[in-house]
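This is start-v1.csv. It holds CSV, C-alpha atoms.
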```
chain,number,residue,atom,x,y,z
A,1,MET,CA,69.8,121.9,55.5
A,2,GLN,CA,68.5,121.3,52.0
A,3,ASP,CA,66.8,118.0,51.0
A,4,GLU,CA,68.9,115.5,52.9
A,5,ALA,CA,68.7,112.7,50.3
A,6,LEU,CA,70.1,115.0,47.7
A,7,PHE,CA,72.8,116.3,50.0
A,8,ILE,CA,73.9,112.8,50.8
A,9,ARG,CA,74.1,112.0,47.1
A,10,GLN,CA,76.3,115.1,46.7
A,11,LEU,CA,78.5,113.9,49.6
A,12,LEU,CA,79.0,110.5,47.9
A,13,ASP,CA,79.6,111.7,44.3
A,14,PRO,CA,83.3,112.3,43.8
A,15,LYS,CA,82.5,115.3,41.6
A,16,THR,CA,80.6,117.2,44.3
A,17,GLN,CA,82.0,115.5,47.4
A,18,ASN,CA,84.5,118.2,48.5
A,19,GLU,CA,82.2,121.1,48.2
A,20,ALA,CA,79.3,119.2,49.9
A,21,PHE,CA,81.6,118.1,52.8
A,22,ARG,CA,82.9,121.7,53.2
A,23,ARG,CA,79.2,122.7,53.6
A,24,LEU,CA,78.7,119.9,56.1
A,25,LEU,CA,81.7,121.1,58.1
A,26,THR,CA,80.6,124.7,58.1
A,27,GLU,CA,77.1,123.7,59.3
A,28,TYR,CA,78.1,121.1,62.0
A,29,GLN,CA,81.5,122.0,63.3
A,30,ARG,CA,80.2,124.4,66.0
A,31,PRO,CA,77.4,122.1,67.3
A,32,LEU,CA,79.6,119.0,67.3
A,33,TYR,CA,82.5,121.0,68.9
A,34,ARG,CA,80.1,122.1,71.6
A,35,HIS,CA,78.8,118.5,72.1
A,36,ILE,CA,82.3,117.0,72.4
A,37,ARG,CA,83.6,119.8,74.5
A,38,ASN,CA,80.8,119.3,77.0
A,39,ILE,CA,81.8,115.7,77.3
A,40,VAL,CA,85.7,115.9,77.3
A,41,LEU,CA,85.9,119.5,78.8
A,42,ASP,CA,89.4,120.4,77.6
A,43,HIS,CA,89.7,122.4,74.3
A,44,ASP,CA,92.8,120.5,72.9
A,45,ASP,CA,91.2,117.1,73.6
A,46,THR,CA,88.0,118.4,72.0
A,47,ASP,CA,90.0,119.5,68.9
A,48,ASP,CA,91.5,116.0,68.5
A,49,VAL,CA,88.2,114.2,69.0
A,50,LEU,CA,86.4,116.6,66.7
A,51,GLN,CA,88.9,116.1,63.9
A,52,ASN,CA,88.7,112.3,64.3
A,53,THR,CA,85.0,112.5,64.3
A,54,PHE,CA,84.9,114.4,60.9
A,55,ILE,CA,87.4,112.0,59.4
A,56,LYS,CA,85.3,109.1,60.5
A,57,ILE,CA,82.1,110.7,59.2
A,58,PHE,CA,83.8,111.2,55.8
A,59,ASN,CA,85.2,107.7,55.6
A,60,ASN,CA,81.9,106.1,56.7
A,61,LEU,CA,79.5,108.1,54.6
A,62,LYS,CA,79.3,105.3,52.1
A,63,HIS,CA,78.0,103.1,54.9
A,64,PHE,CA,75.3,105.6,56.0
A,65,LYS,CA,72.0,103.8,55.4
A,66,GLY,CA,69.7,106.8,55.9
A,67,GLU,CA,67.8,104.9,58.6
A,68,SER,CA,68.3,107.8,61.0
A,69,LYS,CA,68.9,111.5,60.2
A,70,LEU,CA,72.4,112.6,59.1
A,71,PHE,CA,72.3,114.9,62.1
A,72,SER,CA,71.8,112.2,64.6
A,73,TRP,CA,74.2,109.8,62.9
A,74,MET,CA,77.0,112.4,63.1
A,75,TYR,CA,76.1,113.1,66.8
A,76,ARG,CA,76.3,109.4,67.5
A,77,ILE,CA,79.7,109.1,66.0
A,78,ALA,CA,80.9,112.2,68.0
A,79,THR,CA,79.4,110.8,71.2
A,80,ASN,CA,81.1,107.4,70.7
A,81,GLU,CA,84.4,109.1,69.8
A,82,ALA,CA,84.3,111.3,72.9
A,83,ILE,CA,83.3,108.5,75.3
A,84,THR,CA,86.0,106.2,73.8
A,85,PHE,CA,88.5,108.9,74.3
A,86,ILE,CA,87.5,109.3,78.0
A,87,ASN,CA,87.6,105.5,78.5
A,88,GLN,CA,91.1,105.2,77.1
A,89,ARG,CA,92.3,108.2,79.2
A,90,ALA,CA,90.8,106.7,82.3
A,91,ARG,CA,92.2,103.2,81.7
A,92,LYS,CA,95.7,104.6,81.1
A,93,ALA,CA,95.5,106.6,84.3
A,94,GLY,CA,94.0,103.6,86.2
A,95,ILE,CA,91.0,105.6,87.4
A,96,SER,CA,87.3,105.6,86.8
A,97,ASN,CA,85.6,107.8,84.1
A,98,GLU,CA,83.9,109.8,86.9
A,99,GLU,CA,87.2,110.4,88.6
A,100,LEU,CA,88.8,111.5,85.4
A,101,GLN,CA,85.9,114.0,84.8
A,102,SER,CA,86.3,115.4,88.3
A,103,LYS,CA,90.0,116.0,87.6
A,104,ALA,CA,89.2,117.6,84.3
A,105,VAL,CA,86.7,120.0,86.0
A,106,GLY,CA,89.4,120.8,88.6
A,107,LYS,CA,91.6,122.0,85.7
A,108,LEU,CA,89.0,124.3,84.2
A,109,GLU,CA,89.9,127.3,86.4
A,110,ALA,CA,93.4,127.4,84.9
A,111,ASP,CA,92.1,126.8,81.3
A,112,VAL,CA,92.7,129.7,79.0
A,113,ASN,CA,89.7,128.5,76.9
A,114,TYR,CA,87.3,128.7,79.9
A,115,ASP,CA,85.8,131.9,81.2
A,116,GLY,CA,83.2,130.6,83.5
A,117,ASP,CA,82.4,132.5,86.7
A,118,GLU,CA,81.9,130.9,90.2
A,119,ILE,CA,78.4,129.7,89.5
A,120,GLN,CA,79.3,128.2,86.1
A,121,LEU,CA,82.2,126.3,87.7
A,122,LYS,CA,80.0,125.1,90.5
A,123,LEU,CA,77.6,123.8,88.0
A,124,GLN,CA,80.4,121.9,86.2
A,125,LYS,CA,81.5,120.4,89.5
A,126,ALA,CA,77.9,119.4,90.3
A,127,VAL,CA,77.5,117.7,86.8
A,128,ALA,CA,80.7,115.8,87.4
A,129,THR,CA,79.2,114.1,90.4
A,130,LEU,CA,76.5,112.4,88.3
A,131,PRO,CA,76.8,108.9,86.7
A,132,GLU,CA,78.1,109.0,83.2
A,133,LYS,CA,74.8,108.5,81.4
A,134,GLN,CA,73.0,111.2,83.4
A,135,GLN,CA,75.8,113.6,82.7
A,136,LEU,CA,75.4,113.0,79.0
A,137,VAL,CA,71.7,113.5,79.1
A,138,PHE,CA,71.9,116.6,81.2
A,139,LYS,CA,74.6,118.2,79.0
A,140,MET,CA,72.7,117.5,75.8
A,141,LYS,CA,69.4,118.9,77.2
A,142,TYR,CA,70.5,121.8,79.4
A,143,PHE,CA,73.7,123.1,77.7
A,144,GLU,CA,73.1,122.1,74.1
A,145,GLU,CA,69.3,122.5,74.2
A,146,LEU,CA,68.6,119.5,72.1
A,147,LYS,CA,65.0,118.2,72.0
A,148,TYR,CA,64.2,114.9,73.8
A,149,GLU,CA,63.3,113.4,70.4
A,150,GLU,CA,66.7,114.3,69.0
A,151,ILE,CA,68.6,113.0,72.0
A,152,SER,CA,66.5,109.8,71.8
A,153,GLU,CA,67.6,109.3,68.2
A,154,ILE,CA,71.2,110.0,69.0
A,155,LEU,CA,71.5,107.8,72.1
A,156,GLY,CA,68.9,105.2,71.1
A,157,THR,CA,67.1,105.6,74.5
A,158,SER,CA,63.4,106.2,74.8
A,159,VAL,CA,62.1,109.7,75.4
A,160,GLY,CA,60.5,108.5,78.7
A,161,ALA,CA,63.8,107.1,80.0
A,162,LEU,CA,65.5,110.3,79.0
A,163,LYS,CA,63.0,112.5,80.8
A,164,ALA,CA,63.4,110.4,83.9
A,165,SER,CA,67.2,110.6,83.6
A,166,TYR,CA,67.2,114.4,83.1
A,167,HIS,CA,64.8,114.8,86.0
A,168,HIS,CA,67.0,112.8,88.4
A,169,ALA,CA,70.1,114.8,87.1
A,170,VAL,CA,68.5,118.2,87.7
A,171,LYS,CA,67.4,117.1,91.2
A,172,LYS,CA,70.8,115.9,92.2
A,173,ILE,CA,72.5,119.0,90.7
A,174,GLU,CA,70.2,121.4,92.6
A,175,GLU,CA,70.8,119.5,95.8
A,176,TYR,CA,74.6,119.8,95.2
A,177,LEU,CA,74.3,123.5,94.4
A,178,ASN,CA,72.2,124.3,97.3
A,179,SER,CA,74.4,122.4,99.7
A,180,VAL,CA,77.8,124.0,98.9
B,181,MET,CA,70.6,132.5,100.3
B,182,LYS,CA,68.5,132.0,97.2
B,183,LYS,CA,67.9,128.4,96.3
B,184,PHE,CA,69.0,127.2,92.8
B,185,ASN,CA,66.2,126.1,90.5
B,186,LEU,CA,67.6,125.2,87.1
B,187,GLU,CA,64.3,125.1,85.3
B,188,ASN,CA,63.2,128.6,86.4
B,189,ASP,CA,66.5,130.5,87.0
B,190,PRO,CA,68.2,132.2,84.1
B,191,LYS,CA,70.2,129.7,82.0
B,192,ILE,CA,73.8,129.0,83.3
B,193,THR,CA,76.0,128.6,80.2
B,194,SER,CA,78.9,126.2,80.1
B,195,GLY,CA,81.6,128.9,80.1
B,196,PHE,CA,83.7,127.2,77.3
B,197,THR,CA,85.4,129.4,74.8
B,198,THR,CA,87.6,128.7,71.7
B,199,PRO,CA,90.8,130.4,70.4
B,200,ASP,CA,90.3,133.1,67.8
B,201,GLN,CA,89.7,131.9,64.3
B,202,TYR,CA,89.6,128.3,65.6
B,203,PHE,CA,86.6,127.2,63.4
B,204,GLU,CA,87.9,128.8,60.3
B,205,GLN,CA,91.3,127.1,60.7
B,206,MET,CA,89.7,123.8,61.8
B,207,GLU,CA,87.7,123.6,58.5
B,208,ALA,CA,90.9,124.2,56.5
B,209,ARG,CA,92.8,121.6,58.5
B,210,ILE,CA,90.2,118.9,58.0
B,211,MET,CA,89.9,119.6,54.3
B,212,ASP,CA,93.7,119.4,54.1
B,213,ARG,CA,93.8,116.1,55.9
B,214,LEU,CA,91.1,114.7,53.6
B,215,SER,CA,92.7,115.9,50.4
B,216,ALA,CA,96.3,115.0,51.3
B,217,PRO,CA,97.8,112.9,48.5
B,218,GLU,CA,98.9,109.4,49.3
B,219,THR,CA,102.7,109.2,50.0
B,220,LYS,CA,104.6,108.3,46.8
B,221,VAL,CA,107.2,105.6,46.8
B,222,ILE,CA,110.5,107.1,46.0
B,223,PRO,CA,112.0,105.4,42.9
B,224,LEU,CA,115.2,104.3,44.7
B,225,TRP,CA,115.7,100.8,43.4
B,226,HIS,CA,116.7,101.6,39.9
B,227,ARG,CA,120.1,102.7,41.1
B,228,SER,CA,122.6,99.8,40.7
B,229,SER,CA,124.7,100.9,43.7
B,230,VAL,CA,121.6,100.5,45.9
B,231,TRP,CA,121.1,97.0,44.6
B,232,MET,CA,124.7,96.1,45.1
B,233,SER,CA,124.9,97.4,48.7
B,234,SER,CA,121.5,95.8,49.5
B,235,ILE,CA,122.7,92.4,48.4
B,236,ALA,CA,126.0,92.8,50.3
B,237,ALA,CA,124.2,94.0,53.5
B,238,THR,CA,121.7,91.1,53.2
B,239,LEU,CA,124.5,88.5,52.9
B,240,LEU,CA,126.4,90.1,55.8
B,241,LEU,CA,123.3,90.2,57.9
B,242,ALA,CA,122.3,86.6,57.1
B,243,GLY,CA,125.8,85.4,57.9
B,244,GLY,CA,126.0,87.4,61.1
B,245,LEU,CA,122.6,86.3,62.4
B,246,THR,CA,123.4,82.6,61.7
B,247,ILE,CA,126.6,82.9,63.7
B,248,TYR,CA,124.9,84.9,66.4
B,249,TYR,CA,121.9,82.5,66.9
B,250,ASN,CA,124.1,79.4,66.8
B,251,ASN,CA,125.9,80.8,69.8
B,252,GLN,CA,123.0,82.3,71.8
B,253,PRO,CA,120.1,80.7,73.5
B,254,ILE,CA,116.8,82.1,72.1
B,255,PRO,CA,115.6,84.8,74.5
B,256,ALA,CA,111.9,84.5,75.5
B,257,THR,CA,110.9,88.0,74.4
B,258,SER,CA,107.8,87.2,72.5
B,259,LEU,CA,104.7,89.2,73.6
B,260,ASP,CA,102.1,87.2,75.5
B,261,ASP,CA,98.4,87.5,74.8
B,262,ALA,CA,97.6,89.6,77.8
B,263,THR,CA,100.1,92.3,76.8
B,264,VAL,CA,98.8,92.5,73.3
B,265,GLU,CA,95.2,92.6,74.6
B,266,THR,CA,96.0,95.4,77.1
B,267,TYR,CA,97.7,97.4,74.4
B,268,LEU,CA,94.8,97.0,72.0
B,269,GLN,CA,92.3,97.9,74.7
B,270,ALA,CA,94.2,101.1,75.5
B,271,ASN,CA,95.1,102.2,72.0
B,272,VAL,CA,92.6,100.9,69.5
B,273,ASN,CA,88.9,101.8,69.6
B,274,SER,CA,86.0,99.8,68.4
B,275,TYR,CA,85.7,101.7,65.1
B,276,ASP,CA,89.3,100.9,64.2
B,277,LEU,CA,88.8,97.3,65.0
B,278,ILE,CA,85.6,97.1,62.9
B,279,GLN,CA,87.5,98.5,59.9
B,280,HIS,CA,89.7,95.4,60.0
B,281,LEU,CA,87.1,92.7,60.4
B,282,ASP,CA,85.5,90.9,57.4
B,283,GLU,CA,82.7,88.4,57.2
B,284,SER,CA,85.0,85.4,57.8
B,285,ASP,CA,86.4,87.0,60.9
B,286,ILE,CA,82.9,87.6,62.3
B,287,GLN,CA,82.0,83.9,61.7
B,288,ALA,CA,85.2,82.8,63.3
B,289,LEU,CA,84.5,85.0,66.4
B,290,GLU,CA,80.9,83.6,66.6
B,291,LYS,CA,82.3,80.1,66.7
B,292,SER,CA,85.0,80.8,69.3
B,293,ILE,CA,82.9,83.0,71.7
B,294,VAL,CA,80.3,81.1,73.5
B,295,LEU,CA,77.4,83.5,74.3
B,296,ASN,CA,74.4,82.4,76.3
B,297,ASN,CA,71.6,84.4,77.7
B,298,ASP,CA,73.0,84.4,81.3
B,299,ALA,CA,76.4,85.8,80.1
B,300,VAL,CA,74.7,88.5,78.0
B,301,GLU,CA,72.4,89.5,80.9
B,302,ALA,CA,75.3,89.7,83.3
B,303,TYR,CA,77.3,91.8,80.9
B,304,LEU,CA,74.5,94.2,80.3
B,305,SER,CA,73.8,94.6,84.0
B,306,ASP,CA,77.5,95.6,84.5
B,307,HIS,CA,77.6,98.1,81.6
B,308,ASN,CA,75.0,100.8,82.0
B,309,ASN,CA,75.9,102.8,79.0
B,310,LEU,CA,75.4,100.1,76.4
B,311,ASP,CA,72.3,101.7,75.0
B,312,LEU,CA,74.7,104.2,73.3
B,313,TYR,CA,75.8,101.4,71.0
B,314,LEU,CA,72.5,99.8,70.3
B,315,ASN,CA,71.9,101.8,67.2
B,316,GLU,CA,75.3,101.1,65.7
```

As structure tokens, what does this structure read like?
Amino acid sequence: MQDEALFIRQLLDPKTQNEAFRRLLTEYQRPLYRHIRNIVLDHDDTDDVLQNTFIKIFNNLKHFKGESKLFSWMYRIATNEAITFINQRARKAGISNEELQSKAVGKLEADVNYDGDEIQLKLQKAVATLPEKQQLVFKMKYFEELKYEEISEILGTSVGALKASYHHAVKKIEEYLNSV
Amino acid sequence: MKKFNLENDPKITSGFTTPDQYFEQMEARIMDRLSAPETKVIPLWHRSSVWMSSIAATLLLAGGLTIYYNNQPIPATSLDDATVETYLQANVNSYDLIQHLDESDIQALEKSIVLNNDAVEAYLSDHNNLDLYLNE
């Protein structure tokens, strides 16, 4: 993306705002969709969360202080929206977040917007057995191929802690995959 | 059977797909939502018949309610705090709440909520995903 400070000025200026926001949408809708989909799993739920994320980004641009990169600020909003969504769903159903995730993985086979084979499905099931934070770190590193430094800026966790978390996640997933 | 090794085996992708044209339509839908004009108030009240019928309805309602309440015990249907709290927890997220708080609300909250180090520590140990919010 072009010079970020200039781009943010364009996003805040009513004359250039619409065009700049359209460019932001074009650039970030796919990675943010992927990020949210990896967390909530269902396409329709992802669609809802993604729309809310972009509306929140637009409404909160004036509060963006530039202390972090626009990229990580938007990812942070998307992550919070997705996790809030899961918390609300789990609370309404009276089950834990992990139970909710396992149920969502169980529905993937019948999902028209999922074409994973046996191994891909097995991997999703293995990931669903992890604690929530490890799931998040694993998905961002393995599926989304984000750098540790980027994940660190998004989640506010040190690179060292992320590496440890990812290492544990990989170990547990491999154990799961090799045992079933 | 071959052992799985995620670091060295070929990448296993997530398997998620999207409907055709999803992203093209999504962009348009969001731009539409952002540019939707605010709902206009329909200029209904300049019509005298509306004024007359409103006054008549108000008088009738006031009279009817007075008679009704004079003859009925007041039912205890008000919402208790726990019901309101449960509803808010389930339906309103932290961003929405933040939008409605101003400086004086924060100061009032600080006075009414007693936080000490032990309470904070106990909360943090029970909530292992808090670091997500530390940069907020």

Distance query region 137-153 of chain A at most 9 Å, all atoms listed in the file, self and fewer than 4 positions along chain excluded, as an MDAnalysis selection string:
(chainID A and resid 31 34:35 38:39 68:69 71:73 76 127 132:133 157:160 162:163 165:167 169:170) or (chainID B and resid 186 191:194 315)

Please provide the set of residues having any atom within 12 Å of Lys183 (chain B), restricted to all atoms listed in the file, with same-chain residues fewer than 4 positions apart removed, written as a short mmCIF file (atom, residue, chain, number, x, y, z; two decimals) with C-alpha atoms, in the coordinates of the input.
```cif
data_model
loop_
_atom_site.label_atom_id
_atom_site.label_comp_id
_atom_site.auth_asym_id
_atom_site.auth_seq_id
_atom_site.Cartn_x
_atom_site.Cartn_y
_atom_site.Cartn_z
CA ILE A 173 72.50 119.00 90.70
CA GLU A 174 70.20 121.40 92.60
CA GLU A 175 70.80 119.50 95.80
CA TYR A 176 74.60 119.80 95.20
CA LEU A 177 74.30 123.50 94.40
CA ASN A 178 72.20 124.30 97.30
CA SER A 179 74.40 122.40 99.70
CA VAL A 180 77.80 124.00 98.90
CA ASN B 188 63.20 128.60 86.40
CA ASP B 189 66.50 130.50 87.00
#
```

Contact residues (chain A, partner chain B, 8 Å, all atoms listed in the file) as a count of residues only
36

Write out as JSON, numbers by chain which residues come within 8 Å of region 101-108 of chain A when counting only C-alpha atoms, dropping same-chain ones fewer than 4 positions away.
{"A": [40, 41, 42, 97, 114, 121, 124, 125, 128, 129]}

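Coordinates place CA of Thr79 (chain A) at a distance of 26.9 Å from CA of Asp13 (chain A).
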
To one decimal in Å, tell me the separation between CA of Asp298 (chain B) and CA of Ala161 (chain A).
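Interatomic distance here is 24.5 Å.
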
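Going from CA of Glu265 (chain B) to CA of Asn297 (chain B) covers 25.2 Å.
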